[in-house]
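Enquirer: After the structure tokens below, expect a handful of questions from me.
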Protein chains: 4
Amino acid sequence: MIEGSRTGTAVTSLTYGMVGGGEGALIGDVHRKAINFDTSARLVAGCFSRSFANTRRTGELLGLASDRLYKDYRAMAQAEARRPDTIDFVVIVTPNSTHFPIAKAFLEQGIHVVCDKPLVLSTAEAKELSALAKRKRLLFCVTYTYTGYPAVKQARALIADGELGDIRFVAAEYIQEWLATPAERAGNKQAEWRTDPKQSGLSNSVGDIGTHAENMVSYMTGLKIDSLCARMDTFVKGRRLDDNATIMLNFKGGAKGSIWVSQVAAGYDNGLRIRVVGSKGSLEWAQEDPNYIVVRKLDAPRQIISRGREPFAAEAARYNRVPAGHPEGYFEAFANVYRAFCEALSRVKAGEKLTAEQLEYPGLPDGAQGVLFIEKCVESSKAGATWVKFA
Amino acid sequence: MIEGSRTGTAVTSLTYGMVGGGEGALIGDVHRKAINFDTSARLVAGCFSRSFANTRRTGELLGLASDRLYKDYRAMAQAEARRPDTIDFVVIVTPNSTHFPIAKAFLEQGIHVVCDKPLVLSTAEAKELSALAKRKRLLFCVTYTYTGYPAVKQARALIADGELGDIRFVAAEYIQEWLATPAERAGNKQAEWRTDPKQSGLSNSVGDIGTHAENMVSYMTGLKIDSLCARMDTFVKGRRLDDNATIMLNFKGGAKGSIWVSQVAAGYDNGLRIRVVGSKGSLEWAQEDPNYIVVRKLDAPRQIISRGREPFAAEAARYNRVPAGHPEGYFEAFANVYRAFCEALSRVKAGEKLTAEQLEYPGLPDGAQGVLFIEKCVESSKAGATWVKFA
Amino acid sequence: MIEGSRTGTAVTSLTYGMVGGGEGALIGDVHRKAINFDTSARLVAGCFSRSFANTRRTGELLGLASDRLYKDYRAMAQAEARRPDTIDFVVIVTPNSTHFPIAKAFLEQGIHVVCDKPLVLSTAEAKELSALAKRKRLLFCVTYTYTGYPAVKQARALIADGELGDIRFVAAEYIQEWLATPAERAGNKQAEWRTDPKQSGLSNSVGDIGTHAENMVSYMTGLKIDSLCARMDTFVKGRRLDDNATIMLNFKGGAKGSIWVSQVAAGYDNGLRIRVVGSKGSLEWAQEDPNYIVVRKLDAPRQIISRGREPFAAEAARYNRVPAGHPEGYFEAFANVYRAFCEALSRVKAGEKLTAEQLEYPGLPDGAQGVLFIEKCVESSKAGATWVKFA
Amino acid sequence: MIEGSRTGTAVTSLTYGMVGGGEGALIGDVHRKAINFDTSARLVAGCFSRSFANTRRTGELLGLASDRLYKDYRAMAQAEARRPDTIDFVVIVTPNSTHFPIAKAFLEQGIHVVCDKPLVLSTAEAKELSALAKRKRLLFCVTYTYTGYPAVKQARALIADGELGDIRFVAAEYIQEWLATPAERAGNKQAEWRTDPKQSGLSNSVGDIGTHAENMVSYMTGLKIDSLCARMDTFVKGRRLDDNATIMLNFKGGAKGSIWVSQVAAGYDNGLRIRVVGSKGSLEWAQEDPNYIVVRKLDAPRQIISRGREPFAAEAARYNRVPAGHPEGYFEAFANVYRAFCEALSRVKAGEKLTAEQLEYPGLPDGAQGVLFIEKCVESSKAGATWVKFA
């Protein structure tokens, strides 16, 4: 049994600001929750929307001081840089096309940056940011989320240790259904900007999820692409960017690979899956079942490695939080109990009367029933496993 | 597609204290992280250990004011009750045998309570707490974590709606390996108190995990136990409490059921699984794959209902946070990216020089590579899916 | 890679007759196909139905000579015994209540017997057949099909080799949906005789599928039942026999177990599943995915052993036919029972003396134990689900 | 509940001969067992090996008359054609390169043919056989085994009924480990001829398993390949033919697809898997779990369709043998190909005229298409993995 690491919820002195992530946005709140998870940093400033009214509502909801809510990101970068309690870093969660100017503005002011992917719209922009960050000696994180899974880190460690022998083939796929219909013409905001070349750049599906697949292949195996052959498709009529792609990869050193990305894969939720074939064995990881790696060795039984069980490399294990068998998902369940309790408590404090039906958390009757259950089990068992009334 | 609810990380005015959860404890930190998830409340007071030194170290790490760290829970209850900024609720995460006096002390001071399970050691104690909470009009939550899973709430809604017809049989099991060896004699602290009748009460396995199974059956189906027949076993020699149990249940109204709990199930991580058989269909939920419910109807194909896809009842969907296919576990991955970034940033702020190898988060080179990947895919595809060099 | 054994379709000199299995019957044809699989024997005589018209039509379809089609089984036993080219063995595939007189008639004529399960209606009948077969030195096979799966044989070998340590708990279940509705009142012939005490005897679900589960536990683990406590239910109103049962088992030597059988498990096809928990590891086999065994060891990754891959014990591998990944199923399992029986019969005909250990098919002791199991379950259940000794 | 069809083990008047399949060969015995399964035909003649001693030993084992054992296939074709009791058909189970002359020899003598895949070595040969069979009005079956699975037939019916909407993408893969090492230099006979261009022709992996994948895509979806781009790899040093390939497909009408075949996929047994993505839903079938189809519809729960449960199309259900939950496997699939062929042959012998639609087994057009597929993959790969027209 490998215990979770317990860096816990220790207090932090780091602070951050956010650009994007106002009302109606999905990913901004995910970033905030992720930062909160271990109290990695504290949100103190924001420019959450092009609409300042939205920024103000969001800022108030999040408890920010009104003088740290900004009308535009440039003003924010400059004002924050001048404060003695300037933010340590900024989180950029806006559409792709704006990443470059925003990141540049903060870097120029000497502020570290965390930015959503894909990074920018062109290699020229990427090079400029890299040069700038290097010159200013600033940290820059691109949130390729899936590299954060402990099992992915374990897969990487296992491959690096030569457990699979020489890598021969990598088959990656990332398939979803969410653009199987013309959602951009049915009022879906996400779909609108994702399929708009002005906001997304050269590509929709390759940019949005293909880069995740490419990054995972690179992260897990360390292989470098030498050349590629890509077929990009647009299956939904009238769509302005690709919604499916098949890519053949030749890696330096002789390994081969393929990537299939699709946002028209009807019925699939979020099917990112990586298979790595080596001369001695193969490995498979699927994002929808992220706590496990399937390892197959030549003429040996298939192994299912579970996050939190041996063998698990130290560099992966240090990112565990709970023991094996508690799917990370366990925290969300736990948080839901507290959410229900705290919601009820806030209402009670505000003077509401709640009926038993309105309490969505387990209460004393549930606890008392558990105690009775223990007592009755012991009574029955001690009497030779005979029947006892439950009351 | 069902979107996640976004109560988000809104600021909260609720505060709480904690009894237990000091250095070396597992579950206290899990509670804190769960509360943090949605910033449901803020920790401001604590008595984290019988050792005040431990309480002080833990409190400091968590950023608590020193005047709200307490030597014992009684002092804490009294002192907090007298403060104008008294805690809204206390979280009790100590061994079973101390739940009763601690909960009683806080209730008597008019403070709401959240308490780990099993609630207390006897029905008499449970009744006393219930009467006290009722008299004082205080909320009391028992943290049966697994009821927090959205898919469990969906299962409950589906059964309540009669989708399975009349319930005939419920098969519950909760099997783990962690006490398959005499861990309590090998220095495992958890194992020591769990198998010690003085600290755990009448039972180990039925108390620790049997109550979870019992609670899940009750929560999902609403069935009431009428009588039971229990066989409790101790397979590890010298152990002082049970480590395995088989229980037959008769429910009021004619349904039947069984529960198998084991902490000697070698090779199983945390196998809580509930199957409910009705006259029209059956349902299955397993904690290690918590985002799905398997529904089987008479002579129809098996259905796998995914958290976040239709059909999903409103009362369950409101506990979602991210879309289908993002196993809750996604947040932990995301948080790990931020953990790595913030750790690096803290070290940089402290004057350390970090090499590229020491940065465990994805950075600009990864982002730049993604941009190049998009460009090259588009170039290849536009040329009729031909090969292009990746550089 | 383990290659399949290739005893192939070699010509055989063995011949057999069949009682039961005429038009409209399911299992008779399954037996014939299973025997055909490896041309284990050749069908030459039959009494396929109480209706001689049916017997004649079936016999013609199967290409039998008309002088070897019989009006009743007694006539058949006598006539066949007098022929120089008498059948080597008879296959009995009639309802339970007729197994005893038919088997007795053929044994008395010196003809070897293969009989469907459950063997007979009472322990008294089982003893009489055992004595008779012993006196006449005749082989007797009871077709507990599921013992024929190579993966089951591998599980047995693995347990016998001590891979799981001391066995502590066995959880068996066999759940189906086919009697979830009152099918016996809707024209289903199978359902009619299965739920009719005159044809099925003391029990429906325990007799039909409970004996399979009991036999599998016995076959895989070698454990002997010491006492049991059974609760038998009838969930469909008006049904005359049980359609669900929960049974707790105490084995000699201290191991414990449970069996759940159900024919009202709406949505389940044919869910026979065995889990064996030992002090060093656990094992799981499910009939609906019969080519694999899941092995879990203490604090090690889960292993999936595939029929036809290493490691696979020689005594199991010899029942493979095709390499790993080419699924073998129910017919192959059935054919393996016949292969073992016919191999033994050929050796006996060639004058060899075989010990009990050399007989790789289920025999009279297995059949007799199944009958005792039914009797004891009924005795326990009728006494209010109390404990009874198994002897 | 859908009952199995019970064409049973009815006596047959059809007879067959076999070329190949002597001692030491795997697939010949599989063919014989598959034919035996339903007593579709009776083996009466053979030329099992180039070694007549082997043919004699095999023939004796199989109970054949010595005058129907032949030194070479030409003698066999001529002798059998002259007999009044000539074989109805011949089964050819020799290495690829000999299929053409053998098939031709029997067709010329007016004998129906069943031949293993890939059919022949070139499109020219395929055309010659097609013309010859047509002129002689002879049936010709190519044993693409996997089309025999009832679940595959169900998938085909479901797609034909428009359940998935317009097909957009097909992802096929067939991955195995058996050539992950230089087995051809370690005494493996199969590996020797498979990797020998003289015996296998232009390709190893594309010819052996790529044609299966191509045939399954064609069978399930009815799509026609318009052009393809193939990259064929040889990962094991010194190997003379390909052992891995990635193929992009453009279908007529706008659908796209990909095929990955590998015989160096360490740890994989026999991983044939087909996914079909349509505008309304997707479908997945995997050969190693052949009794199930996974159907995903837009924003609906995933469905697992089980062979033998509703819904199951009549044309698929008629190939079931036992009820749902009783796994049917590779042999049953193989037997279904023979059942379809022998049923057609019996009807033809009885004077019926059958249209192409009435032939439920894979025939010469399927075999010819497989040969073209190999040729075009090799042409594309040799030109640097560029696009070639499929015609």
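Residue names in the structure tokens use chain letters A, B, ... in the order shown, residue numbers from 1 in each chain, and ligand numbers from 1 in the order shown.
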Set the distance at 10 Å and use only C-alpha atoms: which residues neighbour Ile259 in chain A once local chain neighbours fewer than 5 positions away are removed? I'd like the list as an mmCIF file with C-alpha atoms, in the first residue's frame.
Expert:
```cif
data_model
loop_
_atom_site.group_PDB
_atom_site.id
_atom_site.type_symbol
_atom_site.label_atom_id
_atom_site.label_comp_id
_atom_site.auth_asym_id
_atom_site.auth_seq_id
_atom_site.Cartn_x
_atom_site.Cartn_y
_atom_site.Cartn_z
ATOM 1 C CA VAL A 170 2.570 4.706 -30.415
ATOM 2 C CA ALA A 171 -1.172 4.801 -31.090
ATOM 3 C CA ALA A 172 -2.902 7.832 -29.637
ATOM 4 C CA GLU A 173 -6.509 8.833 -29.964
ATOM 5 C CA TYR A 174 -8.681 11.556 -28.536
ATOM 6 C CA VAL A 206 -6.074 19.390 -33.926
ATOM 7 C CA GLY A 210 -4.789 17.011 -31.054
ATOM 8 C CA ALA A 213 -2.626 13.858 -27.729
ATOM 9 C CA GLU A 214 0.683 15.107 -29.161
ATOM 10 C CA VAL A 217 2.857 11.051 -26.589
ATOM 11 C CA ALA A 230 -2.076 14.509 -41.681
ATOM 12 C CA ALA A 245 -8.092 14.210 -38.182
ATOM 13 C CA THR A 246 -5.907 11.175 -38.842
ATOM 14 C CA ILE A 247 -2.178 11.709 -38.513
ATOM 15 C CA MET A 248 0.699 9.323 -39.237
ATOM 16 C CA LEU A 249 3.892 10.082 -37.354
ATOM 17 C CA ARG A 273 -6.211 6.932 -24.946
ATOM 18 C CA ILE A 274 -2.519 6.210 -25.465
#
```
Enquirer: Can you tell me, as number ranges by chain, which residues in range 95-313 of chain D count as alpha helix (DSSP H) by DSSP?
Expert: D: 99-108, 123-136, 150-160, 189-194, 197-200, 205, 211-221
Enquirer: For the residues in that selection, give me C-alpha atoms as a PDB file, in the first residue's frame.
Expert:
```pdb
ATOM      1  CA  HIS D  99      -4.006 -21.458 -53.244  1.00  0.00           C
ATOM      2  CA  PHE D 100      -4.200 -20.491 -56.884  1.00  0.00           C
ATOM      3  CA  PRO D 101      -3.052 -23.696 -58.590  1.00  0.00           C
ATOM      4  CA  ILE D 102      -4.948 -25.893 -56.151  1.00  0.00           C
ATOM      5  CA  ALA D 103      -8.221 -23.983 -56.421  1.00  0.00           C
ATOM      6  CA  LYS D 104      -7.854 -23.913 -60.179  1.00  0.00           C
ATOM      7  CA  ALA D 105      -7.296 -27.651 -60.356  1.00  0.00           C
ATOM      8  CA  PHE D 106     -10.473 -28.462 -58.450  1.00  0.00           C
ATOM      9  CA  LEU D 107     -12.606 -25.881 -60.210  1.00  0.00           C
ATOM     10  CA  GLU D 108     -11.504 -27.319 -63.537  1.00  0.00           C
ATOM     11  CA  THR D 123      -5.340  -9.631 -58.784  1.00  0.00           C
ATOM     12  CA  ALA D 124      -4.644 -11.416 -62.064  1.00  0.00           C
ATOM     13  CA  GLU D 125      -4.949 -14.797 -60.344  1.00  0.00           C
ATOM     14  CA  ALA D 126      -8.098 -13.701 -58.542  1.00  0.00           C
ATOM     15  CA  LYS D 127      -9.678 -12.684 -61.839  1.00  0.00           C
ATOM     16  CA  GLU D 128      -8.816 -15.988 -63.431  1.00  0.00           C
ATOM     17  CA  LEU D 129     -10.420 -17.956 -60.587  1.00  0.00           C
ATOM     18  CA  SER D 130     -13.506 -15.753 -60.700  1.00  0.00           C
ATOM     19  CA  ALA D 131     -13.955 -16.286 -64.411  1.00  0.00           C
ATOM     20  CA  LEU D 132     -13.422 -20.019 -64.050  1.00  0.00           C
ATOM     21  CA  ALA D 133     -15.902 -20.435 -61.170  1.00  0.00           C
ATOM     22  CA  LYS D 134     -18.467 -18.388 -63.025  1.00  0.00           C
ATOM     23  CA  ARG D 135     -18.085 -20.422 -66.199  1.00  0.00           C
ATOM     24  CA  LYS D 136     -18.295 -23.703 -64.296  1.00  0.00           C
ATOM     25  CA  PRO D 150     -23.512 -13.437 -34.781  1.00  0.00           C
ATOM     26  CA  ALA D 151     -22.652 -10.093 -33.156  1.00  0.00           C
ATOM     27  CA  VAL D 152     -20.837  -9.026 -36.324  1.00  0.00           C
ATOM     28  CA  LYS D 153     -23.921  -9.901 -38.338  1.00  0.00           C
ATOM     29  CA  GLN D 154     -25.973  -7.883 -35.877  1.00  0.00           C
ATOM     30  CA  ALA D 155     -23.610  -4.913 -36.277  1.00  0.00           C
ATOM     31  CA  ARG D 156     -23.976  -5.144 -40.037  1.00  0.00           C
ATOM     32  CA  ALA D 157     -27.772  -5.251 -39.791  1.00  0.00           C
ATOM     33  CA  LEU D 158     -27.837  -2.322 -37.408  1.00  0.00           C
ATOM     34  CA  ILE D 159     -25.674  -0.183 -39.684  1.00  0.00           C
ATOM     35  CA  ALA D 160     -27.682  -1.170 -42.750  1.00  0.00           C
ATOM     36  CA  LYS D 189       7.160 -23.068 -38.938  1.00  0.00           C
ATOM     37  CA  GLN D 190       4.221 -20.670 -39.199  1.00  0.00           C
ATOM     38  CA  ALA D 191       6.585 -17.723 -38.838  1.00  0.00           C
ATOM     39  CA  GLU D 192       8.880 -19.163 -41.473  1.00  0.00           C
ATOM     40  CA  TRP D 193       6.352 -19.311 -44.268  1.00  0.00           C
ATOM     41  CA  ARG D 194       4.463 -16.200 -43.243  1.00  0.00           C
ATOM     42  CA  PRO D 197       7.903 -13.752 -49.811  1.00  0.00           C
ATOM     43  CA  LYS D 198       7.887 -16.935 -51.902  1.00  0.00           C
ATOM     44  CA  GLN D 199       5.140 -18.492 -49.818  1.00  0.00           C
ATOM     45  CA  SER D 200       3.234 -15.430 -48.589  1.00  0.00           C
ATOM     46  CA  SER D 205       1.017  -8.568 -41.878  1.00  0.00           C
ATOM     47  CA  THR D 211      -7.109  -8.480 -45.179  1.00  0.00           C
ATOM     48  CA  HIS D 212      -9.237  -9.620 -42.235  1.00  0.00           C
ATOM     49  CA  ALA D 213      -9.546  -6.018 -41.076  1.00  0.00           C
ATOM     50  CA  GLU D 214     -10.309  -4.803 -44.592  1.00  0.00           C
ATOM     51  CA  ASN D 215     -12.921  -7.524 -45.012  1.00  0.00           C
ATOM     52  CA  MET D 216     -14.586  -6.707 -41.692  1.00  0.00           C
ATOM     53  CA  VAL D 217     -14.850  -3.006 -42.558  1.00  0.00           C
ATOM     54  CA  SER D 218     -16.361  -3.924 -45.888  1.00  0.00           C
ATOM     55  CA  TYR D 219     -18.703  -6.551 -44.411  1.00  0.00           C
ATOM     56  CA  MET D 220     -19.958  -4.437 -41.539  1.00  0.00           C
ATOM     57  CA  THR D 221     -20.381  -1.119 -43.320  1.00  0.00           C
TER      58      THR D 221
END
```
Enquirer: Residues of chain C no more than 9 Å from chain D, counting only C-alpha atoms: send them over as a count of residues only.
Expert: 51
Enquirer: Write out as number ranges by chain each polymer residue whose atoms come within 9 Å of Glu375 in chain A, counting only C-alpha atoms; drop sequence neighbours fewer than 3 positions from it.
Expert: A: 370-372, 378-380; B: 121-123, 202-203
Enquirer: Go ahead and write the selection's residues with N, CA and C atoms as a CSV table (one decimal), in the first residue's frame.
Expert:
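Dumped everything to again-v8.csv:
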```
chain,number,residue,atom,x,y,z
A,370,GLY,N,-26.5,3.3,11.6
A,370,GLY,CA,-25.2,2.6,11.5
A,370,GLY,C,-24.8,1.9,12.8
A,371,VAL,N,-25.0,2.7,13.8
A,371,VAL,CA,-24.6,2.1,15.1
A,371,VAL,C,-25.5,0.9,15.5
A,372,LEU,N,-26.8,1.1,15.2
A,372,LEU,CA,-27.7,-0.1,15.5
A,372,LEU,C,-27.3,-1.3,14.7
A,378,VAL,N,-23.4,-7.8,15.7
A,378,VAL,CA,-22.6,-8.5,16.7
A,378,VAL,C,-23.5,-9.4,17.5
A,379,GLU,N,-24.7,-8.9,17.8
A,379,GLU,CA,-25.7,-9.8,18.6
A,379,GLU,C,-26.0,-11.1,17.8
A,380,SER,N,-26.2,-10.9,16.5
A,380,SER,CA,-26.5,-12.1,15.7
A,380,SER,C,-25.3,-13.0,15.6
B,121,LEU,N,-20.5,4.7,19.7
B,121,LEU,CA,-20.3,3.2,20.1
B,121,LEU,C,-21.6,2.5,20.4
B,122,SER,N,-22.6,3.2,20.7
B,122,SER,CA,-23.9,2.5,21.1
B,122,SER,C,-25.1,3.3,20.7
B,123,THR,N,-26.2,2.6,20.6
B,123,THR,CA,-27.5,3.2,20.3
B,123,THR,C,-27.9,4.2,21.3
B,202,LEU,N,-17.5,-2.2,19.3
B,202,LEU,CA,-17.9,-3.6,19.2
B,202,LEU,C,-17.3,-4.4,18.0
B,203,SER,N,-17.0,-3.6,17.0
B,203,SER,CA,-16.6,-4.2,15.7
B,203,SER,C,-15.6,-3.4,15.0
```
Enquirer: I want to know what sits within 7 Å of range 44-57 of chain A, based on only C-alpha atoms, with residues of the same chain fewer than 5 positions away left out; could you give that as a list in words?
Expert: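 Residues meeting the cut-off are Thr15, Tyr16, Gly17, Met18, Val19, Gly20, Gly21, Gly22, Glu23, Leu64, Arg68, Leu69, Tyr70, Lys71, Asp72 and Tyr73 of chain A.
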Enquirer: Just list as a list in words whatever in range 76-207 of chain A DSSP marks as strand (DSSP E or B).
Expert: Phe89, Val90, Val91, Ile92, His112, Val113, Val114, Cys115, Phe140, Cys141, Val142, Ile167, Arg168, Phe169, Val170, Ala171, Ala172, Glu173, Tyr174 and Ile175 of chain A
Enquirer: What gap, in Å, lies between CA of Thr234 in chain B and CA of Glu284 in chain C?
Expert: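 Rounded to one decimal, the two atoms are 22.3 Å apart.
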Enquirer: Tell me which protein, DNA and RNA residues are within 8 Å of Val295 in chain A, counting only C-alpha atoms, leaving out same-chain ones fewer than 4 positions away, and put them as a list in words.
Expert: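 Answer for this query is Gly281, Ser282, Leu283, Glu284, Arg302, Gln303, Ile304 and Ile305 of chain A; Gly267 of chain D.
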Enquirer: Quick one: pull the distance between CA of Trp260 in chain C and CA of Cys229 in chain B, Å, one decimal.
Expert: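 One can read the CA of Trp260 in chain C to CA of Cys229 in chain B distance as 15.1 Å.
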Enquirer: May I ask for the distance between CA of Pro84 in chain D and CA of Ala41 in chain C, given in Å to one decimal place?
Expert: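 The value is 28.6 Å.
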